[in-house]
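*Asks:* The structure is given below, and queries will be raised subsequently.
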Amino acid sequence: MVKQERAVRTRKALITAAAEVFSREGYRTSSLTVISRLAGVSSGALHFHFPTKSALALAVEEAAADRLRAIIERCEMFEQPQGPIQLVVDASYRVVEQLEGDCVLRAGFELGGHTEGLSSTGRVCDLWQGWVASALEQAHGDGGLRAEVVPGHVAAVVVAVTAGLEELGRRDSRWLSHPTLTSFWRLVLPQVAPAGTHVPL
């Protein structure tokens, strides 16, 4: 049991360290030696858990996807009665807030497209886009979007902005802020929501 708990701690430390290094240095130029040193484990221990850098990156993506799912579930649990558009807006704020302080979630967005072999359910951007599109489809069906609006197109824009803020936020944390996202929604909401719709930001 103690051995098993130690293995879980080691694996978690490696995933966190890898996320920090991938987020800071990029996947291609990152070093497994640097990751193992940051995690405080030997290279042998790293290779025991993750035989390749790609395997470690996939584990980071899966952990990031789990964190994104947790954000979505919390928003659905507490904020759904306000409607699907409000749900998407609120979830976008939660994601951007977490991106600022969570290196695993940041790395998940960064790693998209750099690794192979992971199903679309593990790709953070794909997961985010699928959920946003589904919520906006519901809004469209309920009359919460203008009739001419295509939910999938709006979802693609929301995901592009989220990923863009993550990219810019690695250089300047001010991009990952409430005011920046508020500016985006103030531009977008009047174009997609019926006249008179009030969505608190």
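Every chain in the structure tokens takes a letter, A first, then B, and so on in the order presented; its residues are numbered from 1, and the ligands are numbered from 1 following the presented order.
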Show me, as a PyMOL selection string, the residues that have an atom within 8 Å of range 173-181 of chain A when counting only C-alpha atoms, minus same-chain residues fewer than 2 positions from it.
*Replies:* chain A and resi 93+96-97+99-100+165-166+168-171+183-185
*Asks:* May I have the residues within 7 Å of range 146-161 of chain A as a list in words, using only C-alpha atoms and disregarding those fewer than 2 positions away in the same chain?
*Replies:* Cys125, Trp128, Gln129, Val132, Ala133, Leu136, Glu137, Gly144, Ala163, Gly164, Leu165, Val192, Ala193 and Pro194 of chain A
*Asks:* Excluding Ala135 in chain A and residues on its chain fewer than 6 positions from it, collect all residues at most 8 Å away from it, counting only C-alpha atoms, and give them as a count of residues only.
*Replies:* 4
*Asks:* What separation in Å, quoted to one decimal, exists between CA of Phe50 in chain A and CA of Glu20 in chain A?
*Replies:* 16.5 Å
*Asks:* Tell me which protein, DNA and RNA residues are within 8 Å of range 70-80 of chain A, counting only C-alpha atoms, leaving out same-chain ones fewer than 2 positions away, and put them as a list in words.
*Replies:*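 Result of the neighbour search: Asp66, Arg67, Leu68, Gln82, Gly83, Pro84, Gln86, Leu87, Asp90, Ala91, Arg94 and Val95 of chain A.
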*Asks:* What are the DSSP alpha helix (DSSP H) residues of range 20-136 of chain A, as a PyMOL selection string?
*Replies:* chain A and resi 20-25+32-39+43-49+53-79+84-101+103-111+124-136
*Asks:* Write out as an MDAnalysis selection string each polymer residue whose atoms come within 12 Å of Arg9 in chain A, counting only C-alpha atoms; drop sequence neighbours fewer than 5 positions from it.
*Replies:* chainID A and resid 2:4 14:16 39:41 45 49
